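A.B. asks: What follows is a single structure, and I will ask about it in a moment.
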There are 2 protein chains.
Amino acid sequence: MIYDIIVVGSGCAGLAGAMYSGRLGMKVLVLGEMRGGTITLTHIVENYPGFASITGMELAQKLEDHARAYPNVEIKDEKVAKIARKGADYIVESDGGKYEAKAILYATGTEWKKLGAPGEKEFASKGVHYCALCDGSFYKGKTVGVIGGSDSAVKDALLLAGLVGKVYVIYRGDKIRAEPINYASVMKNPKIEVIYNTNVSEIYGEKKVAGVALDKPYKGEKKLALDAVFVAIGHVPLSGIAKEAGVETDSKGHVKISRNSETNLPGFFAAGDVTDTRFKQAIVGVGEAVSAAYSAYLYLEGKK
Amino acid sequence: MIYDIIVVGSGCAGLAGAMYSGRLGMKVLVLGEMRGGTITLTHIVENYPGFASITGMELAQKLEDHARAYPNVEIKDEKVAKIARKGADYIVESDGGKYEAKAILYATGTEWKKLGAPGEKEFASKGVHYCALCDGSFYKGKTVGVIGGSDSAVKDALLLAGLVGKVYVIYRGDKIRAEPINYASVMKNPKIEVIYNTNVSEIYGEKKVAGVALDKPYKGEKKLALDAVFVAIGHVPLSGIAKEAGVETDSKGHVKISRNSETNLPGFFAAGDVTDTRFKQAIVGVGEAVSAAYSAYLYLEGKK
């Protein structure tokens with residue numbers, strides 16, 4: 001059987017694109033490793049218009065339920081390994097099988113960026129973490145560090161401050177780049193202390209993390225004792241499989257798309273955090289995915 | 001007082017843009033004639049990802065409540081008459097006052113396109129209607145016509161079929177351009193009959209509509225007796241005020257925007273149905289509005 005469209009990635013954008021493709025009468029297969037995607041790692045979402053406040057898990061579930069409302073949408077928890085052309089169609093290989101489709105919606109999102117400091121690999125999950133929501137509760141009453149100065153880093157710090165005893169935000173820059181509302185919350189939170197203009201040069205410990213080495217003394221010390229480190233220095237687009245299939249990316253590896261969510265390949269559309277869109281928010285990716293579904297629909301109609 | 005941003009239009013895009021601008025710490029004023037916008041005229045919305053089924057009214061209310069969750073967002077039910085530059089700022093004149101802002105988010109949407117046939121003006125609201133949801137229930141058990149062949153026309157026909165006795169869809173083309181799911185519903189609805197390749201050349205009656213004249217006989221007759229006509233031939237973008245302010249539009253009058261929702265004027269952003277986006281859906285306009293809010297935020301930060 002040949003699907004009309006295979007959606008690669010089952011995060012917000014993938015699920016919304018699947019829903020709309022289903023609605024447009026296409027035979028849809030969604031393949032993804034992590035149903036719901038990275039929003040499920042966000043505790044409270046307050047910026048998806050229509051939901052003043054909802055957990056990331058609940059929002060992902062609503063998007064999935066919405067997609068499943070169309071019986072022509074199938075969702076499989078499989079990791080995609082390769083996409084290749086076959087004439088005008090595409091062959092998608094996953095760890096669960098091999099599928100064929102007339103069109104692709106690529107919405108794989110991003111993965112955490114690694115710090116690259118000594119100790120990071122060694123202590124992975126032994127005090128080195130990337131998801132505050134997932135792993136923060138292991139450190140109740142303890143002292144933790146958040147590395148980074150973005151809005152995500154700040155949100156992690158706020159979340160952790162509600163769980164642990166003390167949070168150090170260690171940031172290489174001199175100005176936190178967070179939404180003003182989040183920045184203000186950090187500034188007035190007595191549990192959070194920001195260390196500016198400083199890099200973590202090493203994560204040390206024995207069986208688990210004991211602290212970090214700083215490249216500049218803080219309060220006279222170049223070592224900071226910590227029970228855990230949360231690395232929050234950004235994301236890397238998961239565009240490798242698309243690139244191998246011949247899709248163009250920008251210098252940072254983001255898939256280049258048009259305003260109609262088209263890539264350079266015919267029948268290959270993309271949406272969400274993996275694209276070169278400036279403002280990476282769930283709602284923006286969802287809008288792109290809906291546009292992608294419609295573009296795919298017009299593309300398939302044009303081939304008839 | 002100078003607002004950071006004035007949002008012109010209080011439909012889905014305007015309200016979502018206001019919410020996000022509020023969230024980003026801006027002082028926001030929303031001016032619009034019709035709170036909730038045209039989605040409030042849609043009975044059931046099933047294509048806004050996250051809400052599998054919701055009335056247009058409820059969705060608009062949720063977007064408004066979300067915007068009002070930020071105390072720095074003010075909403076006034078006023079009709080904007082003019083926008084003019086004043087140095088780097090903008091002056092917005094409405095039927096309720098005169099306001100100044102550093103940035104504009106223009107999200108005025110569209111208005112119904114007129115048929116231009118004799119009788120259309122004369123019988124306006126006396127059997128000539130543009131909103132099936134608003135006025136359909138006046139014709140319980142009666143015979144009505146829907147003029148048009150788009151997805152909106154088809155949705156109007158389906159809505160009306162649930163209320164009236166008989167619906168004729170009168171369409172100048174030979175192929176209905178509706179979402180497949182809606183097309184299928186029309187085809188199997190015994191109350192709906194489609195007349196293809198035919199124009200309405202006149203709407204006639206005495207005190208109210210009695211029927212329409214067709215430019216081609218249908219079942220041997222050039223007249224079709226109807227109790228009401230619902231004109232559903234599309235929308236015209238409400239871009240006049242933006243155009244006067246110097247904003248570029250395309251040949252159909254849609255405001256030209258970049259992928260970041262910028263227009264050609266500095267500090268003047270646009271989103272939603274009034275823009276030149278191909279796929280005019282609430283979710284797409286909402287995504288654009290959120291991008292516009294972020295672009296406005298960066299613009300204002302850059303001026304600091």
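By convention here, the chains of the structure tokens are called A, B, ... in the order presented, each chain's residues are numbered starting at 1, and ligands are numbered starting at 1 in the order presented.
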Determine which residues of segment 95-240 of chain A receive a DSSP assignment of strand (DSSP E or B), computed from the backbone, and state them as an MDAnalysis selection string.
C.D. replies: chainID A and resid 98:106 110:112 124 128:129 143:147 150 166:170 177 192:195 200:205 209:218 221:225 228:231 235:237
A.B. asks: Residues of chain A no more than 6 Å from chain B, counting only C-alpha atoms: send them over as a PyMOL selection string.
C.D. replies: chain A and resi 16+24-25+49-50+52+62-63+66+179-180+283-284+287
A.B. asks: Identify, on the basis of only C-alpha atoms, every residue whose closest approach to Lys76 of chain B does not exceed 12 Å; exclude the query and any residue fewer than 4 positions from it along the same chain; express the result as a count of residues only.
C.D. replies: 22
A.B. asks: Counting only C-alpha atoms, figure out which residue out of B:Glu262, B:Ala184, B:Asp215, B:Gly267 gets nearest to Leu300 of chain B.
C.D. replies: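 The shortest atom-to-atom distance to Leu300 of chain B comes from B:Gly267.
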A.B. asks: Closest to Leu298 of chain A among B:His43, B:Arg177, B:Asp227, B:Lys216, using only C-alpha atoms?
C.D. replies: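 Among the listed residues, the smallest separation from Leu298 of chain A belongs to B:Arg177.
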